[in-house]
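Asks: This one is input-v1.cif, mmCIF, C-alpha atoms and all ligand atoms.
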```
data_model
loop_
_atom_site.label_atom_id
_atom_site.label_comp_id
_atom_site.auth_asym_id
_atom_site.auth_seq_id
_atom_site.Cartn_x
_atom_site.Cartn_y
_atom_site.Cartn_z
CA TYR A 28 -51.51 3.80 6.94
CA CYS A 29 -50.07 2.48 3.72
CA GLY A 30 -47.27 0.25 2.61
CA MET A 31 -46.15 -2.52 0.31
CA VAL A 32 -46.07 -6.26 0.75
CA ALA A 33 -44.23 -8.60 -1.61
CA ILE A 34 -45.35 -12.11 -2.46
CA VAL A 35 -42.38 -14.29 -3.42
CA GLY A 36 -41.82 -17.93 -4.24
CA ARG A 37 -40.86 -20.28 -7.05
CA PRO A 38 -43.33 -20.83 -9.91
CA ASN A 39 -46.51 -22.75 -9.28
CA VAL A 40 -46.66 -22.41 -5.50
CA GLY A 41 -49.78 -20.23 -5.81
CA LYS A 42 -48.56 -16.62 -5.62
CA SER A 43 -51.01 -15.33 -8.22
CA THR A 44 -53.88 -17.27 -6.69
CA LEU A 45 -53.02 -15.74 -3.33
CA LEU A 46 -52.84 -12.22 -4.74
CA ASN A 47 -56.27 -12.63 -6.29
CA LYS A 48 -57.65 -13.92 -3.03
CA LEU A 49 -56.09 -11.11 -1.00
CA LEU A 50 -57.62 -8.58 -3.34
CA LYS A 51 -60.84 -10.56 -3.77
CA GLN A 52 -60.66 -10.19 -7.51
CA LYS A 53 -58.96 -11.76 -10.44
CA ILE A 54 -56.21 -9.44 -11.52
CA SER A 55 -53.33 -11.86 -11.70
CA ILE A 56 -53.05 -14.66 -14.23
CA THR A 57 -52.89 -18.09 -12.64
CA SER A 58 -51.83 -21.15 -14.52
CA ARG A 59 -50.42 -24.63 -14.22
CA LYS A 60 -47.71 -23.54 -16.62
CA PRO A 61 -44.69 -22.22 -14.71
CA GLN A 62 -43.65 -18.62 -15.19
CA THR A 63 -46.98 -17.43 -16.51
CA THR A 64 -46.34 -14.24 -14.60
CA ARG A 65 -43.41 -12.65 -16.33
CA HIS A 66 -44.37 -9.21 -15.16
CA ARG A 67 -44.72 -7.78 -11.76
CA ILE A 68 -48.38 -7.51 -10.94
CA MET A 69 -49.63 -5.42 -8.11
CA GLY A 70 -52.92 -4.66 -6.54
CA ILE A 71 -54.09 -2.35 -3.82
CA HIS A 72 -56.03 -3.66 -0.88
CA THR A 73 -58.03 -0.93 0.81
CA ASP A 74 -59.97 -1.16 4.00
CA GLY A 75 -60.75 1.70 6.31
CA PRO A 76 -57.67 3.82 6.82
CA SER A 77 -55.17 1.29 5.52
CA GLN A 78 -54.01 0.70 1.98
CA ILE A 79 -51.62 -2.08 1.15
CA VAL A 80 -49.96 -2.59 -2.21
CA PHE A 81 -49.44 -6.30 -2.77
CA ILE A 82 -46.79 -7.18 -5.33
CA ASP A 83 -46.77 -10.57 -7.05
CA THR A 84 -43.05 -10.94 -7.60
CA PRO A 85 -41.98 -13.38 -10.28
CA GLY A 86 -38.46 -14.42 -11.02
CA LEU A 87 -36.59 -14.57 -7.73
CA HIS A 88 -35.71 -18.20 -8.30
CA ILE A 89 -34.43 -18.39 -11.83
CA ASP A 90 -30.88 -19.22 -12.78
CA GLU A 91 -28.89 -16.32 -14.03
CA LYS A 92 -27.35 -17.75 -17.16
CA ARG A 93 -29.60 -15.74 -19.42
CA ALA A 94 -29.49 -11.97 -19.43
CA ILE A 95 -33.27 -11.67 -19.31
CA ASN A 96 -33.29 -13.79 -16.14
CA ARG A 97 -30.68 -11.59 -14.54
CA LEU A 98 -32.84 -8.56 -15.31
CA MET A 99 -35.94 -10.22 -13.89
CA ASN A 100 -34.07 -11.18 -10.76
CA ARG A 101 -32.85 -7.64 -10.35
CA ALA A 102 -36.37 -6.27 -10.77
CA ALA A 103 -37.65 -8.76 -8.23
CA ALA A 104 -34.89 -7.96 -5.76
CA SER A 105 -35.44 -4.22 -6.07
CA SER A 106 -39.12 -4.65 -5.39
CA LEU A 107 -38.17 -6.18 -2.03
CA ALA A 108 -36.29 -3.07 -0.97
CA ASP A 109 -39.26 -0.98 0.13
CA VAL A 110 -41.69 -3.52 1.47
CA SER A 111 -42.77 -3.81 5.08
CA MET A 112 -43.37 -7.53 4.76
CA VAL A 113 -42.47 -10.43 2.50
CA ILE A 114 -44.80 -13.38 2.12
CA PHE A 115 -42.67 -16.36 1.13
CA VAL A 116 -45.07 -18.85 -0.44
CA VAL A 117 -44.19 -22.53 -0.58
CA ASP A 118 -46.12 -25.63 -1.59
CA GLY A 119 -47.16 -27.66 1.43
CA MET A 120 -46.16 -30.87 -0.29
CA THR A 121 -42.81 -30.10 -1.85
CA TRP A 122 -39.63 -28.23 -1.14
CA THR A 123 -37.28 -27.82 -4.13
CA ALA A 124 -33.94 -26.27 -5.05
CA ASP A 125 -35.89 -23.31 -6.45
CA ASP A 126 -37.42 -22.68 -3.02
CA GLU A 127 -33.94 -22.74 -1.58
CA MET A 128 -32.83 -20.19 -4.18
CA VAL A 129 -35.65 -17.80 -3.28
CA LEU A 130 -34.81 -18.17 0.39
CA GLY A 131 -31.19 -17.30 -0.41
CA LYS A 132 -32.36 -14.03 -1.98
CA LEU A 133 -34.40 -13.24 1.12
CA ARG A 134 -31.36 -13.79 3.32
CA ARG A 135 -29.43 -11.25 1.34
CA GLY A 136 -32.24 -8.72 1.63
CA GLY A 137 -33.09 -6.17 4.28
CA GLU A 138 -33.47 -7.20 7.87
CA SER A 139 -36.05 -4.71 9.11
CA ARG A 140 -38.97 -6.11 7.19
CA LYS A 141 -41.17 -8.91 8.41
CA THR A 142 -40.93 -12.28 6.71
CA VAL A 143 -43.85 -14.65 6.79
CA LEU A 144 -43.77 -18.22 5.58
CA ALA A 145 -47.06 -19.14 3.89
CA ILE A 146 -47.36 -22.88 3.44
CA ASN A 147 -49.89 -23.15 0.64
CA LYS A 148 -52.19 -25.83 -0.76
CA VAL A 149 -52.98 -27.33 2.61
CA ASP A 150 -56.40 -28.21 1.20
CA GLY A 151 -54.61 -31.00 -0.66
CA ILE A 152 -53.07 -32.44 2.47
CA LYS A 153 -55.29 -35.13 3.92
CA GLU A 154 -53.25 -36.12 6.95
CA LYS A 155 -52.50 -32.99 8.93
CA GLU A 156 -49.60 -34.85 10.56
CA GLU A 157 -47.88 -34.84 7.18
CA LEU A 158 -47.54 -31.11 7.38
CA PHE A 159 -45.81 -30.93 10.75
CA PRO A 160 -42.40 -32.43 9.93
CA TYR A 161 -42.32 -30.31 6.80
CA LEU A 162 -43.26 -27.21 8.74
CA ILE A 163 -40.51 -27.79 11.25
CA GLU A 164 -37.87 -28.46 8.59
CA VAL A 165 -38.66 -25.35 6.57
CA SER A 166 -39.07 -23.13 9.61
CA LYS A 167 -35.53 -24.02 10.70
CA LYS A 168 -34.09 -22.54 7.52
CA TYR A 169 -34.88 -18.93 8.34
CA PRO A 170 -36.06 -16.95 11.37
CA PHE A 171 -39.56 -16.36 10.03
CA ASP A 172 -41.66 -13.92 12.01
CA ASP A 173 -44.72 -16.04 11.39
CA ILE A 174 -45.71 -19.28 9.74
CA VAL A 175 -49.19 -19.58 8.30
CA PRO A 176 -50.57 -22.69 6.61
CA ILE A 177 -52.95 -21.48 3.89
CA SER A 178 -55.10 -22.49 1.00
CA ALA A 179 -54.94 -19.64 -1.49
CA LYS A 180 -57.52 -21.44 -3.58
CA GLN A 181 -60.08 -21.85 -0.82
CA GLY A 182 -59.12 -18.74 1.11
CA THR A 183 -58.11 -20.55 4.29
CA ASN A 184 -56.08 -18.26 6.58
CA VAL A 185 -55.77 -15.58 3.92
CA GLU A 186 -57.39 -13.17 6.36
CA ARG A 187 -54.58 -13.97 8.82
CA LEU A 188 -52.03 -12.88 6.19
CA LEU A 189 -53.98 -9.64 5.76
CA ASP A 190 -53.83 -9.03 9.50
CA LEU A 191 -50.08 -9.58 9.53
CA ALA A 192 -49.72 -7.28 6.53
CA ARG A 193 -51.66 -4.55 8.35
CA GLU A 194 -49.54 -4.98 11.45
CA SER A 195 -46.35 -4.63 9.41
CA LEU A 196 -47.24 -1.15 8.15
P1 LIG B 201 -47.69 -18.99 -9.17
O1 LIG B 201 -46.87 -19.48 -10.33
O2 LIG B 201 -46.91 -19.08 -7.90
O3 LIG B 201 -48.27 -17.64 -9.41
O4 LIG B 201 -48.89 -20.04 -9.00
P2 LIG B 201 -50.42 -19.91 -9.47
O5 LIG B 201 -51.18 -19.02 -8.57
O6 LIG B 201 -50.46 -19.62 -10.93
O7 LIG B 201 -50.92 -21.40 -9.17
C1 LIG B 201 -50.28 -22.53 -9.73
C2 LIG B 201 -51.23 -23.72 -9.67
O8 LIG B 201 -51.47 -24.10 -8.31
C3 LIG B 201 -52.59 -23.42 -10.27
O9 LIG B 201 -53.03 -24.59 -10.96
C4 LIG B 201 -53.46 -23.14 -9.07
O10 LIG B 201 -54.81 -23.41 -9.29
C5 LIG B 201 -52.86 -24.08 -8.04
N1 LIG B 201 -53.09 -23.60 -6.66
C6 LIG B 201 -52.82 -22.36 -6.17
N2 LIG B 201 -53.18 -22.27 -4.87
C7 LIG B 201 -53.68 -23.47 -4.52
C8 LIG B 201 -54.23 -24.01 -3.29
O11 LIG B 201 -54.34 -23.35 -2.26
N3 LIG B 201 -54.63 -25.31 -3.34
C9 LIG B 201 -54.52 -26.07 -4.45
N4 LIG B 201 -54.96 -27.32 -4.37
N5 LIG B 201 -54.02 -25.61 -5.61
C10 LIG B 201 -53.60 -24.32 -5.66
MG MG B 202 -48.02 -16.35 -10.95
#
```
Could you write out this file's structure as structure tokens?

Replies:
Amino acid sequence: YCGMVAIVGRPNVGKSTLLNKLLKQKISITSRKPQTTRHRIMGIHTDGPSQIVFIDTPGLHIDEKRAINRLMNRAAASSLADVSMVIFVVDGMTWTADDEMVLGKLRRGGESRKTVLAINKVDGIKEKEELFPYLIEVSKKYPFDDIVPISAKQGTNVERLLDLARESL
């Protein structure tokens, strides 16, 4: 089996960190500075008979006043066309207008692919109860096929995302 999986989300939610974790190597640049990833970065995860191309997709959130942003958005949107699954990464502590914008782009996209909400940085959440109201609110916004709380940094539940990615092929 083989296929492609896109990782989308506003800057700083941990897309690049997740890609590195999924691939168990550092191929994507991570940074506190937003929009470090100006280019699409992809990596191939191989195990046994399955190969999955993971695409770290920057740019789906940005406003379209500047021509370069329009181009980046278009590139990001086109990379969603052929994927079997989209991992929508959000920060477990904050939902912003940029998240909403990314979600809007997902709504306009294809319907056959799987969409998984990955709520990242749960390692920073001390009271697990804090996550629940947030989870419920965000999950109401879109009919996600799955919702997975993760820590891209520590690797928590990253294997679960890999399983879902394999199943989507
Ligand atoms: P991107 O802009 O979405 O690609 O985000 P990055 O992967 O570059 O990460 C942005 C910042 O969030 C970096 O400082 C990361 O170290 C941090 N970060 C990413 N994942 C996690 C996580 O699971 N937990 C915590 N605490 N920080 C994270
Ligand atoms: Mg990045």

Asks: Distance atom O5 of ligand LIG 201 (chain B)-atom CA of A:Asp173, one decimal place?

Replies: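 Result for atom O5 of ligand LIG 201 (chain B) versus atom CA of A:Asp173: 21.2 Å, one decimal.
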
Asks: For a quick check of understanding, using all atoms listed in the file, which of A:Asp172, A:Asp90, A:Asp74, A:Asp118 has the smallest distance to ligand LIG 201 (chain B)?

Replies: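 Of the candidates, the smallest distance to ligand LIG 201 (chain B) is held by A:Asp118.
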
Asks: Compute the distance from (-51.0, -12.1, 2.9) to each atom, counting all atoms listed in the file, keep the residues with any atom at most 10 Å away, and return them as a ChimeraX atom specification; use the coordinates of the file.

Replies: /A:32-34,42,45-46,48-50,81,112-116,143-145,175,177,179,184-193

Asks: Quick one: distance from atom CA of A:Pro38 to atom CA of A:Gln181 in Å, one decimal?

Replies: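 Atom-to-atom, atom CA of A:Pro38 and atom CA of A:Gln181 are spaced 19.1 Å apart.
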
Asks: Using atom CA of A:Arg97 and atom CA of A:Pro85 as the two end points, give the distance in Å to one decimal.

Replies: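 One can read the atom CA of A:Arg97 to atom CA of A:Pro85 distance as 12.2 Å.
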
Asks: Taking all atoms listed in the file into account, name the residue in A:Ile163, A:Ala103, A:Ile174, A:Met120 that is nearest to A:Gly151.

Replies: A:Met120

Asks: Of the candidates A:Thr73, A:Pro176, A:Ile82, A:Glu91, which one gets nearest to ligand MG 202 (chain B) if we count all atoms listed in the file?

Replies: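 Closest to ligand MG 202 (chain B), using all atoms listed in the file: A:Ile82.
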
Asks: Could you check which of A:Arg101, A:Lys51, A:Arg93, A:Arg37 is closest to ligand LIG 201 (chain B), using only C-alpha atoms and all ligand atoms?

Replies: A:Arg37

Asks: For ligand LIG 201 (chain B), which residue among A:Asn147, A:Thr142, A:Ser105, A:Asn100 is the nearest when counting all atoms listed in the file?

Replies: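 Once distances to ligand LIG 201 (chain B) are computed over all atoms listed in the file, the minimum belongs to A:Asn147.
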
Asks: Go through A:Ser195, A:Asn96, A:Ser43, A:Thr121 and flag the residue nearest ligand LIG 201 (chain B), using only C-alpha atoms and all ligand atoms for the distances.

Replies: A:Ser43

Asks: Can you tell me, as JSON, the centre and edge lengths (Å, one decimal) of the axis-aligned box enclosing all of ligand LIG 201 (chain B)'s listed atoms after padding each side by 5 Å?

Replies:
```
{"center_x": -50.9, "center_y": -22.5, "center_z": -6.6, "size_x": 18.1, "size_y": 19.7, "size_z": 18.7}
```

Asks: Just want the 7 Å neighbourhood of A:Gly30, counted on only C-alpha atoms, with same-chain residues fewer than 6 positions away dropped. Output as a PyMOL selection string.

Replies: chain A and resi 78-80+110-111+196

Asks: Some atoms are missing, so please complete stretch 111-125 of chain A with N, CA and C atoms and return it as a JSON list (two decimals), in the coordinates of the input.

Replies:
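Contents of rebuild_0.json, as written:
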```json
[["chain", "number", "residue", "atom", "x", "y", "z"],
["A", 111, "SER", "N", -42.76, -3.64, 3.63],
["A", 111, "SER", "CA", -42.77, -3.81, 5.08],
["A", 111, "SER", "C", -42.87, -5.29, 5.45],
["A", 112, "MET", "N", -43.25, -6.10, 4.48],
["A", 112, "MET", "CA", -43.37, -7.53, 4.76],
["A", 112, "MET", "C", -43.20, -8.33, 3.48],
["A", 113, "VAL", "N", -42.59, -9.50, 3.62],
["A", 113, "VAL", "CA", -42.47, -10.43, 2.50],
["A", 113, "VAL", "C", -43.25, -11.68, 2.86],
["A", 114, "ILE", "N", -44.12, -12.10, 1.95],
["A", 114, "ILE", "CA", -44.80, -13.38, 2.12],
["A", 114, "ILE", "C", -44.09, -14.39, 1.23],
["A", 115, "PHE", "N", -43.39, -15.32, 1.86],
["A", 115, "PHE", "CA", -42.67, -16.36, 1.13],
["A", 115, "PHE", "C", -43.61, -17.56, 1.01],
["A", 116, "VAL", "N", -44.09, -17.79, -0.21],
["A", 116, "VAL", "CA", -45.07, -18.85, -0.44],
["A", 116, "VAL", "C", -44.36, -20.14, -0.87],
["A", 117, "VAL", "N", -44.69, -21.23, -0.17],
["A", 117, "VAL", "CA", -44.19, -22.53, -0.58],
["A", 117, "VAL", "C", -45.35, -23.50, -0.72],
["A", 118, "ASP", "N", -45.11, -24.59, -1.41],
["A", 118, "ASP", "CA", -46.12, -25.63, -1.59],
["A", 118, "ASP", "C", -46.02, -26.59, -0.41],
["A", 119, "GLY", "N", -47.14, -26.81, 0.24],
["A", 119, "GLY", "CA", -47.16, -27.66, 1.43],
["A", 119, "GLY", "C", -46.70, -29.08, 1.23],
["A", 120, "MET", "N", -46.57, -29.50, -0.02],
["A", 120, "MET", "CA", -46.16, -30.87, -0.29],
["A", 120, "MET", "C", -44.71, -31.01, -0.73],
["A", 121, "THR", "N", -44.16, -29.94, -1.28],
["A", 121, "THR", "CA", -42.81, -30.10, -1.85],
["A", 121, "THR", "C", -41.91, -28.90, -1.64],
["A", 122, "TRP", "N", -40.70, -29.21, -1.26],
["A", 122, "TRP", "CA", -39.63, -28.23, -1.14],
["A", 122, "TRP", "C", -38.61, -28.55, -2.22],
["A", 123, "THR", "N", -38.21, -27.55, -3.02],
["A", 123, "THR", "CA", -37.28, -27.82, -4.13],
["A", 123, "THR", "C", -36.07, -26.87, -4.06],
["A", 124, "ALA", "N", -35.14, -27.13, -4.96],
["A", 124, "ALA", "CA", -33.94, -26.27, -5.05],
["A", 124, "ALA", "C", -34.33, -24.83, -5.38],
["A", 125, "ASP", "N", -35.42, -24.66, -6.12],
["A", 125, "ASP", "CA", -35.89, -23.31, -6.45],
["A", 125, "ASP", "C", -36.38, -22.57, -5.20]]
```
